[in-house]
Amino acid sequence: MSNVPVLSPQEARIADEAALETVPIAGRTRRILEKIREGRPRIDVERGYYFTKSFQRTDGEPLILRWSKALLHYAENASVYVDDDQLIVGRCGKPGRYGILYPELDGNTLREAIVNLPSREVSPFDISDDDARLIVTEIASYWEGRTFHEDLAKSLAPETRKLTYNDDESLSSRFIVNETASFRSSIQWVHDYEIVLEKGFIGIRMDAEERVSRLDEFSPVDNTEKKPFLQAVINVCDAIILWAARHADEAERLFAFETDEIRRSELRRIAETCRRVPANPARNFYEAVQSQWFTQVFSRVEQKTGTVISNGRMDQYLYPYYARDKAAGILDDDEAQELLECVWVSMAQFVDLYLSSAGGAFNEGYAHWEAVTIGGQTRDGNDATNDLTYVFLRSKREFPLNYPDLAARVNARSPKRYLYEVAETIKDGAGFPKLINDEEVVPLLLSKGARFDEAYDYSVSGCAECRMPNRDTYTSPNAYINFAAALEMTVYNGKMLYYGDEALGLETGEFEDFKSFGEFFDAFLRQQKNFLKHAFIQQHEIIRLRAAHFASPLGSALHRLCTESCTDLHQPKIEGGIDLGYFEYMGYGTVIDSLAAMKRVVFEEKKVTLAKLKEAMLHNYEGYEAIRQLMLNAPSYGNDDPYADEIGKILDMEAQKFTSKYSMELGVHMDLRYVPFTSHVPFGRVVSATPNGRKAYFPLSDGSSATQGSDVNGPTAVLLSNFRTKNYDRREHAARLLNVKLSPSCVRGEDGTEKLIQFIRTWRDLRLWHIQFNVLNRETLLEAQKAPERYRNLLVRIAGYSAYFTELSPDLQSDIIARTQHESF
């Protein structure tokens, strides 16, 4: 037998360099892609600069009005570009990959950030000397003392603050009870793009003007609340229409100098389209795609949404234009795919910039979640797949790019062809698509107040989240909680080795004095509850403060409930809305396995004393390998082992009981989630050796996945452990992110495709929220570490997104390599 490993299609393309030149993708998008992969992203200062200049002039006006004027000022003055080869235009930064500034968030860190960004290990950015000087003199100097970051830190009581921030000038994160509101102005979001496609911004503007004409001139509410809101909507409509028109001007300027007749024709069409949309309703597929992209990219100018503004159900709202043009003979699938891929390469050039080290560490590899949702159900509950759905899947197989983040909704009515093409796309090995389970999501949305038609029509948003456009109204970012740190505090009586002798948590007693596992488990649950207490205190202050710092006139204009009530999207309460918040449980598998190992090895089998275990952990298991092996080989989560899974179910239950009791004090469904992004890496860097045999400062387990390498009973056992640790009689939970790593040989050929389909059906029937796959050989990842220049195009699945493996930190690379590679189902 041959020892040559089976390669995924992605691995085969990389192994055969000649094959890279024959990948069946459009020539124009390949040329664009080759250009944007050169060099690191650069910081573009225009958004930060023009916002700052506008805010300096509008002090004292209603915030939503100020925000709309800043957008208008940007639209009037910012550089516009029509890139070579592009058919779809619109960018908010320099040619190539770029990131933009949102100084209203954490502008107090700008001076430090511009020094550190080019050299930091995680997601570095370049910046010119001139731009660095402008940031210091024109931007940072205005925002220092005015940012949300500073306001939030001042509001937190000492006991909460010490779990949140280090005591340094930049208020850097402690990675214990981590607030995320100071490096994004909103959690993930999805617009109702159909409003723009059907009405155009002229229609939206006319509606606002008509509402203004009906206001009561003597009403204090109408004058101080409704009128500023409606004027802001008018301003933002003017801004985006002007911005599009300036792109038309630029296309016409380039047309005058262009000598190639084909490109002249393309530039003429670009100019005509930008004059037409998004001002007016779209008439065809080309206009609909351009209108959607203008709306999405201008949303990125408006605010820093966590995980970027998502694209919603593109195969649904673009389908009428696609079907009509195909029936008329003016569009085929190749042309539709080329237009979509022009959008994909535009997306790939916008890189979400995090100034803070915490934000960068949570989003390694230039993370992005501009989710495109396909499949699912119609508003009346029927299967929603259509011919355009398959164009999206084909694009993902044929176009070697990690944009967009494709999310496929799956349910009991998903047709076999859809599941087959989803499976074939997964087998390609680039990590697409991630799967979201209607059988779990829809009932939970219904339980929280949604109607059936709203729940059926949800869009995937961000990493593994879901949004119901026109019904969801909660935008406040939420806490990431390091429960492995709570475990360490239980071991060291409220302290952590990384932070020295500082008392951080509760004093629950000396480790050696615990007489039973139940006693230790109760102490841990007290630490867990204490972390939740401070996370909810954080959230109370975040909700209270945000409306004074952020506004969203564009997002509000595209939300029915906001426009009906003349209420900005960032206000704490919007009439008729459903407020779905969350908190993240970090280190779930690490904690379960640690508790299970202690219960079995220490308290039941009595093979190791607590004193000896503590001694081993203090020495990072160096010289204590026998003890480490005992702990590593104890029952662990991810193996369908009731011994470990029952502990996980209790942890889940206790967290849900807490939020059930206290979340309504915040006016929000604060749901328990297990979605780490890449935060399990920096969180692990502050947690010393744990009782499951994990070495000090190694990444924690990610999401609801098993601890790296501990799931040894196959991928179906991983699903069953997830199932058995859930409390299905409760509703205070949401996404569980689940990574599964398969060898290409496991899914080889038609037989492998069929096995993968059956595995997806099992996941669906167990009602698990999310799943995503890496289909790669471990040897490929090891080779990529050794020779990164040969593997610069290797994509891997991280946590709700895919990224280039060689752009990840060594810690995250090692984390991905350490995940169990399953050789069979």
# chains A, B, ... in the order shown; residues from 1 in each chain; ligands from 1
$ closest_atom_pairs --of "range 579-669 of chain A" --to "range 439-459 of chain A" --cutoff "10 Å" --atoms "only C-alpha atoms" --output "Markdown table"
| residue | atom | partner | partner_atom | distance |
| --- | --- | --- | --- | --- |
| A:Asp579 | CA | A:Lys448 | CA | 9.0 |
| A:Leu580 | CA | A:Lys448 | CA | 8.5 |
| A:His669 | CA | A:Lys448 | CA | 8.0 |
$ residues_around --residues "Ile330 in chain A" --least-positions-apart "6" --cutoff "10 Å" --atoms "only C-alpha atoms" --output "NGL selection string"
:A and (284-285 or 322 or 324)
$ residues_around --residues "Thr373 in chain A" --least-positions-apart "2" --cutoff "12 Å" --atoms "only C-alpha atoms" --output "PyMOL selection string"
chain A and resi 190+310-318+369-371+375-377+384-385+388-389+392-393+404-410+432-436+457-467
$ select_by_dssp --residues "range 136-310 of chain A" --states "alpha helix (DSSP H)" --output "MDAnalysis selection string"
chainID A and resid 141:143 148:155 158:164 193:213 220:221 227:257 261:276 285:302
$ closest_residue --among "A:Glu646, A:Glu121, A:Glu622, A:Glu252" --to "Gly365 in chain A" --atoms "only C-alpha atoms"
A:Glu121
$ select_by_dssp --residues "range 698-823 of chain A" --states "strand (DSSP E)" --output "count of residues only"
22
$ atom_distance --atom1 "CA of Lys614 in chain A" --atom2 "CA of Tyr637 in chain A"
22.4 Å
$ closest_residue --among "A:Tyr801, A:Trp769, A:Phe148, A:Tyr74" --to "Arg546 in chain A" --atoms "only C-alpha atoms"
A:Phe148
$ closest_atom_pairs --of "range 349-389 of chain A" --to "range 178-188 of chain A" --cutoff "9 Å" --atoms "only C-alpha atoms" --output "CSV"
residue,atom,partner,partner_atom,distance
A:Tyr354,CA,A:Phe183,CA,6.7
A:Leu355,CA,A:Phe183,CA,7.6
A:Ser356,CA,A:Phe183,CA,7.1
A:Ala358,CA,A:Phe183,CA,8.6
A:Gly359,CA,A:Phe183,CA,6.3
A:Trp369,CA,A:Gln188,CA,8.4
A:Glu370,CA,A:Gln188,CA,8.9
$ residues_around --residues "range 470-482 of chain A" --least-positions-apart "5" --cutoff "7 Å" --atoms "only C-alpha atoms" --output "PyMOL selection string"
chain A and resi 175-181+186-187+535+539+543+559-561+569-570+574+577-587+683
$ residues_around --residues "Asp765 in chain A" --least-positions-apart "4" --cutoff "12 Å" --atoms "only C-alpha atoms" --output "ChimeraX atom specification"
/A:410-413,437-440,719-720,723,758-761,769
$ residues_around --residues "Ile195 in chain A" --least-positions-apart "3" --cutoff "10 Å" --atoms "only C-alpha atoms" --output "JSON, numbers by chain"
{"A": [191, 192, 198, 199, 200, 201, 203, 204, 281, 557, 558, 559, 560]}
$ write_last_selection --atoms "all heavy atoms" --output "CSV table (one decimal), in the first residue's frame"
chain,number,residue,atom,x,y,z
A,191,HIS,N,-28.3,44.1,8.4
A,191,HIS,CA,-29.3,45.0,7.9
A,191,HIS,C,-30.5,44.3,7.2
A,191,HIS,O,-30.3,43.2,6.7
A,191,HIS,CB,-28.7,46.0,6.9
A,191,HIS,CG,-27.8,47.0,7.6
A,191,HIS,ND1,-28.0,47.6,8.8
A,191,HIS,CD2,-26.6,47.4,7.1
A,191,HIS,CE1,-27.0,48.4,9.0
A,191,HIS,NE2,-26.1,48.3,8.1
A,192,ASP,N,-31.6,45.0,7.0
A,192,ASP,CA,-32.6,44.5,6.1
A,192,ASP,C,-32.3,45.2,4.7
A,192,ASP,O,-32.7,46.2,4.4
A,192,ASP,CB,-34.0,45.0,6.6
A,192,ASP,CG,-35.1,44.5,5.6
A,192,ASP,OD1,-34.8,43.9,4.6
A,192,ASP,OD2,-36.3,44.7,6.0
A,198,GLU,N,-35.5,47.6,-2.7
A,198,GLU,CA,-36.9,47.8,-3.1
A,198,GLU,C,-37.2,49.3,-3.1
A,198,GLU,O,-38.0,49.7,-4.0
A,198,GLU,CB,-37.8,47.0,-2.2
A,198,GLU,CG,-37.7,45.5,-2.4
A,198,GLU,CD,-38.5,44.8,-1.4
A,198,GLU,OE1,-39.3,45.4,-0.6
A,198,GLU,OE2,-38.5,43.5,-1.4
A,199,LYS,N,-36.7,50.1,-2.2
A,199,LYS,CA,-37.0,51.5,-2.1
A,199,LYS,C,-36.0,52.4,-2.6
A,199,LYS,O,-36.3,53.5,-3.2
A,199,LYS,CB,-37.3,51.9,-0.6
A,199,LYS,CG,-38.7,51.5,-0.1
A,199,LYS,CD,-38.9,52.2,1.2
A,199,LYS,CE,-40.3,52.0,1.7
A,199,LYS,NZ,-40.5,52.7,3.0
A,200,GLY,N,-34.7,52.1,-2.4
A,200,GLY,CA,-33.6,53.0,-2.7
A,200,GLY,C,-33.6,54.0,-1.6
A,200,GLY,O,-34.6,54.3,-0.9
A,201,PHE,N,-32.4,54.7,-1.5
A,201,PHE,CA,-32.3,55.7,-0.4
A,201,PHE,C,-33.1,57.0,-0.7
A,201,PHE,O,-33.5,57.7,0.2
A,201,PHE,CB,-30.8,56.0,-0.1
A,201,PHE,CG,-30.2,55.0,0.7
A,201,PHE,CD1,-29.4,54.0,0.2
A,201,PHE,CD2,-30.3,55.0,2.1
A,201,PHE,CE1,-28.8,53.1,0.9
A,201,PHE,CE2,-29.7,54.1,2.9
A,201,PHE,CZ,-28.9,53.1,2.3
A,203,GLY,N,-36.2,56.8,-1.7
A,203,GLY,CA,-37.5,56.4,-1.1
A,203,GLY,C,-37.5,56.5,0.4
A,203,GLY,O,-38.4,56.9,1.0
A,204,ILE,N,-36.3,56.0,1.0
A,204,ILE,CA,-36.2,56.1,2.4
A,204,ILE,C,-36.2,57.6,2.9
A,204,ILE,O,-36.8,57.9,3.9
A,204,ILE,CB,-34.9,55.4,2.9
A,204,ILE,CG1,-35.0,53.9,2.6
A,204,ILE,CG2,-34.7,55.6,4.4
A,204,ILE,CD1,-33.7,53.1,2.7
A,281,PRO,N,-34.4,52.1,-6.5
A,281,PRO,CA,-34.6,50.7,-6.4
A,281,PRO,C,-33.7,50.0,-7.5
A,281,PRO,O,-33.6,50.5,-8.6
A,281,PRO,CB,-36.1,50.4,-6.7
A,281,PRO,CG,-36.7,51.7,-6.3
A,281,PRO,CD,-35.8,52.8,-6.7
A,557,ALA,N,-32.1,53.6,10.1
A,557,ALA,CA,-32.9,53.8,8.9
A,557,ALA,C,-33.3,52.5,8.2
A,557,ALA,O,-34.4,52.5,7.5
A,557,ALA,CB,-32.2,54.7,7.9
A,558,LEU,N,-32.6,51.5,8.4
A,558,LEU,CA,-32.8,50.2,7.8
A,558,LEU,C,-33.5,49.2,8.8
A,558,LEU,O,-33.5,48.0,8.5
A,558,LEU,CB,-31.5,49.6,7.3
A,558,LEU,CG,-30.8,50.5,6.2
A,558,LEU,CD1,-29.5,49.8,5.7
A,558,LEU,CD2,-31.7,50.8,5.1
A,559,HIS,N,-34.1,49.7,9.8
A,559,HIS,CA,-34.7,48.9,10.8
A,559,HIS,C,-36.2,49.4,11.1
A,559,HIS,O,-36.3,50.6,11.5
A,559,HIS,CB,-34.0,48.9,12.1
A,559,HIS,CG,-34.3,47.8,13.1
A,559,HIS,ND1,-35.6,47.7,13.7
A,559,HIS,CD2,-33.6,46.7,13.5
A,559,HIS,CE1,-35.6,46.6,14.5
A,559,HIS,NE2,-34.4,46.0,14.4
A,560,ARG,N,-37.1,48.6,10.8
A,560,ARG,CA,-38.5,49.0,10.8
A,560,ARG,C,-38.9,49.6,12.2
A,560,ARG,O,-39.6,50.6,12.3
A,560,ARG,CB,-39.4,47.9,10.4
A,560,ARG,CG,-40.9,48.2,10.5
A,560,ARG,CD,-41.8,47.0,10.0
A,560,ARG,NE,-41.4,45.8,10.7
A,560,ARG,CZ,-41.9,45.5,11.9
A,560,ARG,NH1,-42.7,46.3,12.5
A,560,ARG,NH2,-41.6,44.3,12.4
$ closest_residue --among "A:Gly90, A:Gly60, A:Gly96, A:Gly648" --to "Asn727 in chain A" --atoms "only C-alpha atoms"
A:Gly648
$ closest_residue --among "A:Ala689, A:Ala717, A:Val712, A:Leu497" --to "Arg819 in chain A" --atoms "only C-alpha atoms"
A:Val712
